[in-house]
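Asks: First, the structure itself, so that you have it in front of you.
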Amino acid sequence: MIQDNKPINSHITAYLDYYCDLSAPGFAVLLKGQWGCGKTWFIDDYCKRLKKENQNQKCLYVSLYGMTTFAEIEDTFFEQLHPVLSSKGMVITGKILKGLLRASLRIDLDRDGNDDDTVNSQIPEINIPEYLRNTDKSILVFDDLERCNIDISNILGYINYFVEHQGLKVIIVANEDELIKDSRYKNIKEKLIGITLGVSPDFNGSLNEFVNASKNSDVQKFMYTNHKLIEDLYQKAEYDNLRTLKQIILDFERIFNDLPEKAKNKQELLQDILRLLMVFSIEIKRGTMLATDISKLKHPGELAREQYISGLQQPSSSVTQENSEEKNPILLEKYPMLNLHDPFPNKVWWKTFFDKGIIDRDELEKSFSNSRYFQDENTPTWKKLWYFEDLNDDEFDKLLKKVESEYADRKFMELGVIKHVTGLFLKFSDVELYYKSKEDILNEAKLYIDHLKDNKPREIINVYISSIQYNFIEYTLQSYDRLGYQGKELNEFQEFCSYIDKARELVRDESMPSAAQELLDIMQNDVWKFYGMICSDSSQNRDVLERYYEIPILKYIKPAEFVEKLFSMKNEDQKHALWVLPERYKSDYINEKVIEELEWLKSVRNLLSDEASRRKSKLSGYRLESLIKENLNEAIQKLEATGSRSQINL
């Protein structure tokens, strides 16, 4: 980050330059900052610059993370002062020389004139080796102070020796928020630390450093080109941890290296991968989600559908708001640019990547065949046209003519596709990219629906019947095949949708009797499929298109035929078939849609009661009475309760 054309931490650099020029400052400098803000990167970069400017200047650096003895610290310094003696082949000689160089020196930690072992028996004797007493050209850097396992009083007393008795320049790097939890730190800090400087995250400097470290020149080029995208996402995340940024760059390079060559030139694909990688990395790192949550994330259409179905399954009209408290809406709100609609490769791939660190190359390859980034001869023409903003003039003109021809020849049979094509035509007309008027386009679209209604009524009724799958998603969310409708905001498009609704109702009324007969046959042969087709909370037969959750289809079955079919079934299947009925009426919303089935239920109950009376004193009669009481009575009561509430609300 740059402020007034200067690096954000330039004031710290300027002060350290001043400090390092002092002959014997008599105090240490503390660089403080949150974990991951770039403190270590900053001081490392500063020391490199000092060495470059003055070859005689030496910065001795030690990370105190996990250190338990002063000897460990001194070994680290020794390795930097005498790299040859510290090499693998000289390790024994080095140890001998270090032993000869050591000289015992008791130090007074709090400068009260007394040996501190008489004050605190826990403070050990501190021996400063000879090679650390002659470092007048050195600056000592102690990093990760808050993560040191040596007692805080002892380690600060040790550092103080170099400042007070050796006249050295000492820079301490720490997350001070952790240190101040120990009351002793505050007292000793006053004697040791002369100035405290807060390090701000240097996003630009760190990013350039991380990108330069990449071994792949193509990755470097991509990162430099998309510098603004990365910075915007980091700001959107309100996240300052630069270690995570470094990990993101490393992970992206790893993924990039495994991509097929044809993918490495797809800028939009690479940008989508980078966005997903950044968001998932940041949110997992900060603890707002787990890697296993990725596969559960939903794009807005899927999320709304689940909320809708959840509402249908509630026993009363109150709908839980539990979904709104999950991670998914938070992610969508914070990162509206996040592609959960059609993520590449897919959510399961990303979950595996973060959960197990595995790059699934097989799944990666499979994803290309279904990806919009790699459209080929198998991609429908209408879908290619949907991405019209990516086309050049010639490609657009050719595709438009081809889709127009297929539309005129009635090649499209799915309502969702017809709506897509109609929406595209309306959109193009509205922005003067198509010669036909919106009125003409609307009239032709209505004729298309009339053609389907007269020649392919099943294409309309199937969609209507499976209203949970289609009606809500298509009409509330305005999308099909994971693509939103172009031109959906236009009045002509909305009128077209209304026309489809009316056509559905006509087809439904004409088709319901035959559909009801088919349903009755299914009940006789496969009671669990019957359950899956008429109960919204059923997990059965999710691959079956015909679902009558909101359609009062049972009223189209003659009660006598239903009873006849029921008695032709095994006793166990009879029990299950009648159990399905109260299951169907568990939601007030559903009940309002199928209230017309109430009289049908009463007729079925009367017929079964008559048969139970004829079988009185027989086991079959007793069983019938139990089934009526446990199932039909409950189903009727639920619909009657819904009817009563509806009357009150009128």
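Each chain of the structure tokens is named A, B, ... in the order shown, its residues numbered from 1; ligands are numbered from 1 in display order.
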Write out as a ChimeraX atom specification the residues lying within 10 Å of Arg286 of chain A, counting only C-alpha atoms and excluding same-chain residues fewer than 5 positions away.
Replies: /A:239,241,244,280-281
Asks: I'd like the neighbourhood of segment 172-177 of chain A as a PDB file with N, CA and C atoms, in the first residue's frame, where a residue qualifies if any of its atoms comes within 7 Å (using only C-alpha atoms), though same-chain residues fewer than 5 positions away should be ignored.
Replies:
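Final output, saved to selection_37.pdb:
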ATOM      1  N   VAL A  29      14.343  -0.856  20.107  1.00  0.00           N
ATOM      2  CA  VAL A  29      13.151  -0.444  19.348  1.00  0.00           C
ATOM      3  C   VAL A  29      12.216  -1.648  19.248  1.00  0.00           C
ATOM      4  N   LEU A  30      10.941  -1.414  19.517  1.00  0.00           N
ATOM      5  CA  LEU A  30       9.942  -2.477  19.378  1.00  0.00           C
ATOM      6  C   LEU A  30       9.100  -2.217  18.135  1.00  0.00           C
ATOM      7  N   LEU A  31       9.045  -3.198  17.244  1.00  0.00           N
ATOM      8  CA  LEU A  31       8.131  -3.164  16.104  1.00  0.00           C
ATOM      9  C   LEU A  31       6.968  -4.086  16.436  1.00  0.00           C
ATOM     10  N   LYS A  32       5.801  -3.506  16.557  1.00  0.00           N
ATOM     11  CA  LYS A  32       4.642  -4.300  16.975  1.00  0.00           C
ATOM     12  C   LYS A  32       3.643  -4.417  15.832  1.00  0.00           C
ATOM     13  N   GLY A  33       2.809  -5.431  15.921  1.00  0.00           N
ATOM     14  CA  GLY A  33       1.767  -5.634  14.926  1.00  0.00           C
ATOM     15  C   GLY A  33       1.102  -6.981  15.126  1.00  0.00           C
ATOM     16  N   GLN A  34      -0.110  -7.131  14.556  1.00  0.00           N
ATOM     17  CA  GLN A  34      -0.837  -8.385  14.678  1.00  0.00           C
ATOM     18  C   GLN A  34      -0.116  -9.488  13.907  1.00  0.00           C
ATOM     19  N   TRP A  35      -0.385 -10.720  14.297  1.00  0.00           N
ATOM     20  CA  TRP A  35       0.200 -11.851  13.589  1.00  0.00           C
ATOM     21  C   TRP A  35      -0.199 -11.804  12.118  1.00  0.00           C
ATOM     22  N   LYS A  39       5.302  -8.100   9.761  1.00  0.00           N
ATOM     23  CA  LYS A  39       6.411  -7.569  10.576  1.00  0.00           C
ATOM     24  C   LYS A  39       7.734  -8.228  10.193  1.00  0.00           C
ATOM     25  N   VAL A 141      18.304  -8.571  15.963  1.00  0.00           N
ATOM     26  CA  VAL A 141      16.855  -8.578  15.760  1.00  0.00           C
ATOM     27  C   VAL A 141      16.281  -9.799  16.462  1.00  0.00           C
ATOM     28  N   PHE A 142      15.392  -9.537  17.436  1.00  0.00           N
ATOM     29  CA  PHE A 142      14.714 -10.612  18.169  1.00  0.00           C
ATOM     30  C   PHE A 142      13.239 -10.629  17.740  1.00  0.00           C
ATOM     31  N   ASP A 143      12.881 -11.635  16.970  1.00  0.00           N
ATOM     32  CA  ASP A 143      11.515 -11.737  16.437  1.00  0.00           C
ATOM     33  C   ASP A 143      10.694 -12.721  17.271  1.00  0.00           C
ATOM     34  N   ASP A 144       9.373 -12.578  17.203  1.00  0.00           N
ATOM     35  CA  ASP A 144       8.436 -13.509  17.854  1.00  0.00           C
ATOM     36  C   ASP A 144       8.638 -13.571  19.365  1.00  0.00           C
ATOM     37  N   LEU A 145       8.863 -12.425  19.998  1.00  0.00           N
ATOM     38  CA  LEU A 145       9.089 -12.392  21.449  1.00  0.00           C
ATOM     39  C   LEU A 145       7.939 -13.034  22.211  1.00  0.00           C
ATOM     40  N   GLU A 146       6.697 -12.784  21.763  1.00  0.00           N
ATOM     41  CA  GLU A 146       5.534 -13.296  22.501  1.00  0.00           C
ATOM     42  C   GLU A 146       5.408 -14.811  22.415  1.00  0.00           C
TER      43      GLU A 146
END
Asks: Closest to Gly167 of chain A among A:Leu442, A:Ile249, A:Cys20, A:Val199, using only C-alpha atoms?
Replies: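 Smallest separation from Gly167 of chain A among the options: A:Cys20.
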Asks: Quick one: distance from atom CA of Ile557 of chain A to atom CA of Tyr499 of chain A in Å, one decimal?
Replies: 28.5 Å
